[in-house]
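Trainee: I have a structure here, written as C-alpha cells, and I will follow up with some questions on it.
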Amino acid sequence: MKPEDFDLIAGIVKSKSGLVLGKDKTYLVTSRLTPVARKHKLADLSALVSALRLRREGELVHDVVEAMTTNETSFFRDLKPFDAFRDVVLPYMVSSRQKQKKLRIWCAACSTGQEPYSLAILLREQGGALANWRFDIVATDLNGAVLERARSGRYTQFEVQRGMPAKLLVKYFRKVDNDWQLNPEIRSAVTFREQNLLGNIGAVGRFDVIFCRNVLIYFDPSTKERVIKSLEGVLEEDGALFLGGAESTVGIRSNLKPVKNVRGCYARADNFVTQFAPAIPQRVLNSRALV
C-alpha cells in the first residue's frame with residue numbers, strides 16, 4: 001500500500017472514530033479492508049482508496065471505519081474491575097440511592113457485548129438484596145455489525161471459555177448447536193445502541209457508573225481528553241468511571257481522580273473516595289476470584 005493511501009485511510013478512521021493507526025498497521029489495514037473492497041465491487045484496495053478520495057461520507061466510509069475499529073473483548077475481562085464494582089462501588093450506590101432504587105450503567109465501546117452481559121450476570125448473582133432495584137445497563141459501540149451480534153447473546157465455545165466461570169455458564173446459557181446463548185432474562189437486561197464516543201454522547205443520558213475500558217489506548221492525547229471530558233459530563237456527581245488497566249487521567253484536565261486502591265476506578269466526589277477507599281475488602285486488593 002502506498003504511504004499516501006495509508007495516510008488517507010488513517011485520517012478518515014481517526015476523524016470518524018478517534019482510532020490512531022500507526023504505520024505498523026499496514027497489514028491490518030490490508031487484511032480488513034480487502035473484504036470491504038469486494039463488498040462494494042471495487043477491484044482492489046487502490047480502487048477503494050480512489051473511491052474514498054471522491055467521497056468522505058456514506059456507506060463506504062462507514063464500512064471502512066467499522067472494519068478498522070478494534071473488537072477485542074471477553075467475559076469478566078481482567079476480573080478486578082468487576083470485583084471492585086461489586087464490593088466497593090455497588091454497596092456505595094445502593095446506600096446512597098435507597099430512595100430511588102435505580103442505577104444506570106453505561107458500557108461504552110462494548111463490542112460484542114461480553115462486558116455488559118458480565119455486569120448483568122453479576123447483578124443477578126446478588127440475589128434478593130437487590131430484588132426491588134431497577135438496573136439500566138446501556139451498551140454502545142460505533143460498529144453496528146458487532147452490536148447485532150451482541151443483541152443475539154450468542155457466543156462460540158472459545159468465547160465463553162474466555163472468562164466465563166463454568167457454574168455461571170451452566171446457569172445463564174443454553175447450548176445452541178455448537179454455540180452458547182444467554183438466557184432471555186440476561187439479554188433483556190442490556191439495551192444496545194449505536195453511539196460514537198466522538199459524537200454527542202449527551203444523548204445517552206446520565207449514568208451512575210461508566211465502564212469505558214481499553215479504548216483510550218487507541219486515541220491520541222487530544223482525543224483522550226475530549227472523550228474523558230465527555231464522559232465526565234454525563235457521569236453523576238458521585239458516579240464512578242472504570243478505565244482499562246493501561247489507561248488513566250494523568251495529563252488530562254479532568255476532575256476525575258483515581259480512587260485509592262481501586263485499580264482503574266475514577267471519581268470526582270470526595271465522599272465516594274474518602275468513605276469507601278479505606279474500607280475496601282482485602283479480597284478486592286489481592287484476589288482474582290469473581291464469585
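The way I read the labels, and the way they are meant: chains A, B, ... in the order of the C-alpha cells, residue 1 as the first residue of every chain, and ligand 1 as the first ligand shown, with later ones counted on from there.
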Using only C-alpha atoms, which residues of segment 189-233 of chain A come within 12 Å of segment 58-71 of chain A, and what is the closest atom pair for each, with the distance in Å to one decimal? Give it as CSV, sorted by chain and residue number.
Mentor:
residue,atom,partner,partner_atom,distance
A:Glu194,CA,A:Glu66,CA,11.6
A:Asn196,CA,A:Glu66,CA,11.1
A:Asn214,CA,A:Thr70,CA,9.9
A:Val215,CA,A:Thr70,CA,8.8
A:Leu216,CA,A:Thr70,CA,11.7
A:Ile217,CA,A:Thr70,CA,11.1
A:Tyr218,CA,A:Thr70,CA,9.0
A:Phe219,CA,A:Thr69,CA,11.6
Trainee: Hey, what does DSSP flag as alpha helix (DSSP H) within segment 3-203 of chain A? Can you give it to me as a PyMOL selection string?
Mentor: chain A and resi 3-17+26-39+45-54+59-68+80-84+90-96+114-124+144-152+157-161+166-172+184-187
Trainee: Out of segment 206-255 of chain A, which residues get strand (DSSP E or B) from DSSP, as a PDB file with N, CA and C atoms, in the first residue's frame?
Mentor:
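Output contents, as saved in result_24.pdb:
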ATOM      1  N   PHE A 207     -25.351   8.831  33.955  1.00  0.00           N
ATOM      2  CA  PHE A 207     -25.092   7.496  34.492  1.00  0.00           C
ATOM      3  C   PHE A 207     -24.431   7.564  35.861  1.00  0.00           C
ATOM      4  N   ASP A 208     -24.702   6.539  36.653  1.00  0.00           N
ATOM      5  CA  ASP A 208     -24.075   6.393  37.968  1.00  0.00           C
ATOM      6  C   ASP A 208     -22.698   5.744  37.837  1.00  0.00           C
ATOM      7  N   VAL A 209     -22.575   4.824  36.900  1.00  0.00           N
ATOM      8  CA  VAL A 209     -21.316   4.103  36.674  1.00  0.00           C
ATOM      9  C   VAL A 209     -21.082   4.000  35.172  1.00  0.00           C
ATOM     10  N   ILE A 210     -19.842   4.261  34.768  1.00  0.00           N
ATOM     11  CA  ILE A 210     -19.467   4.124  33.355  1.00  0.00           C
ATOM     12  C   ILE A 210     -18.267   3.205  33.249  1.00  0.00           C
ATOM     13  N   PHE A 211     -18.356   2.233  32.380  1.00  0.00           N
ATOM     14  CA  PHE A 211     -17.217   1.400  32.001  1.00  0.00           C
ATOM     15  C   PHE A 211     -16.789   1.826  30.601  1.00  0.00           C
ATOM     16  N   LEU A 235     -21.569  11.781  33.741  1.00  0.00           N
ATOM     17  CA  LEU A 235     -21.420  10.998  34.969  1.00  0.00           C
ATOM     18  C   LEU A 235     -22.026  11.759  36.141  1.00  0.00           C
ATOM     19  N   GLU A 236     -22.840  11.074  36.926  1.00  0.00           N
ATOM     20  CA  GLU A 236     -23.427  11.712  38.101  1.00  0.00           C
ATOM     21  C   GLU A 236     -22.337  12.238  39.025  1.00  0.00           C
ATOM     22  N   GLU A 237     -22.690  13.225  39.844  1.00  0.00           N
ATOM     23  CA  GLU A 237     -21.690  13.906  40.663  1.00  0.00           C
ATOM     24  C   GLU A 237     -20.902  12.942  41.534  1.00  0.00           C
ATOM     25  N   ASP A 238     -21.555  11.906  42.030  1.00  0.00           N
ATOM     26  CA  ASP A 238     -20.859  10.923  42.858  1.00  0.00           C
ATOM     27  C   ASP A 238     -20.688   9.596  42.099  1.00  0.00           C
ATOM     28  N   GLY A 239     -20.655   9.669  40.781  1.00  0.00           N
ATOM     29  CA  GLY A 239     -20.530   8.472  39.969  1.00  0.00           C
ATOM     30  C   GLY A 239     -19.104   7.953  39.900  1.00  0.00           C
ATOM     31  N   ALA A 240     -18.957   6.769  39.315  1.00  0.00           N
ATOM     32  CA  ALA A 240     -17.651   6.135  39.187  1.00  0.00           C
ATOM     33  C   ALA A 240     -17.397   5.755  37.737  1.00  0.00           C
ATOM     34  N   LEU A 241     -16.178   6.010  37.289  1.00  0.00           N
ATOM     35  CA  LEU A 241     -15.744   5.662  35.933  1.00  0.00           C
ATOM     36  C   LEU A 241     -14.675   4.589  36.031  1.00  0.00           C
ATOM     37  N   PHE A 242     -14.827   3.518  35.257  1.00  0.00           N
ATOM     38  CA  PHE A 242     -13.807   2.478  35.166  1.00  0.00           C
ATOM     39  C   PHE A 242     -13.106   2.570  33.819  1.00  0.00           C
TER      40      PHE A 242
END
Trainee: Skipping near chain neighbours, those fewer than 5 positions away, what residues fall within 10 Å of Arg86 of chain A using only C-alpha atoms, listed as a list in words?
Mentor: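 Here the answer would be Lys80, Pro81, Pro91, Tyr92, Leu119, Leu122, Leu123, Gln126, Val284 and Leu290 of chain A.
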Trainee: With distances taken over only C-alpha atoms, which residue among A:Leu243, A:Val94, A:Leu168, A:Val176 lies nearest Val259 of chain A?
Mentor: A:Leu243
Trainee: What gap, in Å, lies between atom CA of Leu169 of chain A and atom CA of Glu72 of chain A?
Mentor: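 Going from atom CA of Leu169 of chain A over to atom CA of Glu72 of chain A, I get 20.3 Å.
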Trainee: Name the residues in contact with Phe135 of chain A at a cut-off of 7 Å, using only C-alpha atoms, excluding same-chain residues fewer than 5 positions from it; report them as JSON, numbers by chain.
Mentor: {"A": [102, 103, 104]}
Trainee: Could you write out the selected residues, including N, CA and C atoms, as a short mmCIF file (atom, residue, chain, number, x, y, z; two decimals), in the first residue's frame?
Mentor:
data_model
loop_
_atom_site.label_atom_id
_atom_site.label_comp_id
_atom_site.auth_asym_id
_atom_site.auth_seq_id
_atom_site.Cartn_x
_atom_site.Cartn_y
_atom_site.Cartn_z
N LYS A 102 -32.60 2.80 41.92
CA LYS A 102 -32.34 2.75 40.48
C LYS A 102 -30.88 3.06 40.22
N LEU A 103 -30.29 2.32 39.32
CA LEU A 103 -28.88 2.53 38.97
C LEU A 103 -28.73 2.42 37.46
N ARG A 104 -28.07 3.42 36.87
CA ARG A 104 -27.82 3.41 35.43
C ARG A 104 -26.34 3.16 35.17
#
Trainee: What's the separation between atom CA of Ser50 of chain A and atom CA of Gly144 of chain A, in Å to one decimal place?
Mentor: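 Result for atom CA of Ser50 of chain A versus atom CA of Gly144 of chain A: 24.9 Å, one decimal.
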Trainee: Quick one: everything within 12 Å of Val138 of chain A, counting only C-alpha atoms, minus sequence neighbours fewer than 3 positions away in the same chain. Send it as a ChimeraX atom specification.
Mentor: /A:103-110,113,115-117,119-120,135,141,147,151,187-195,203-211
Trainee: Could you tell me how far atom CA of Leu182 of chain A lies from atom CA of Ile121 of chain A, in Å and to one decimal?
Mentor: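 Computing it gives 10.0 Å between the two atoms.
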Trainee: Taking into account only C-alpha atoms, which residue in the set A:Val20, A:Asp179, A:Thr249, A:Ile186 is nearest to Asp136 of chain A?
Mentor: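 Closest residue, counting only C-alpha atoms: A:Ile186.
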Trainee: Excluding Ile9 of chain A and any residue of its chain fewer than 6 positions from it, enumerate the residues within 12 Å of it, using only C-alpha atoms, and give them as a ChimeraX atom specification.
Mentor: /A:1-3,15-17,19-23,25-26,28-30,32-33,45-46,48-53,56,60-65,67-68
Trainee: Please provide the set of residues having any atom within 8 Å of segment 162-167 of chain A, restricted to only C-alpha atoms, with same-chain residues fewer than 5 positions apart removed, written as a PyMOL selection string.
Mentor: chain A and resi 74-77
Trainee: Restricting it to C-alpha atoms, dump the selection as a short mmCIF file (atom, residue, chain, number, x, y, z; two decimals), in the first residue's frame.
Mentor:
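Saved file out_3.cif follows:
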data_model
loop_
_atom_site.label_atom_id
_atom_site.label_comp_id
_atom_site.auth_asym_id
_atom_site.auth_seq_id
_atom_site.Cartn_x
_atom_site.Cartn_y
_atom_site.Cartn_z
CA SER A 74 -14.07 -11.22 26.78
CA PHE A 75 -16.35 -12.08 29.69
CA PHE A 76 -15.28 -10.61 33.06
CA ARG A 77 -12.18 -9.22 31.39
#
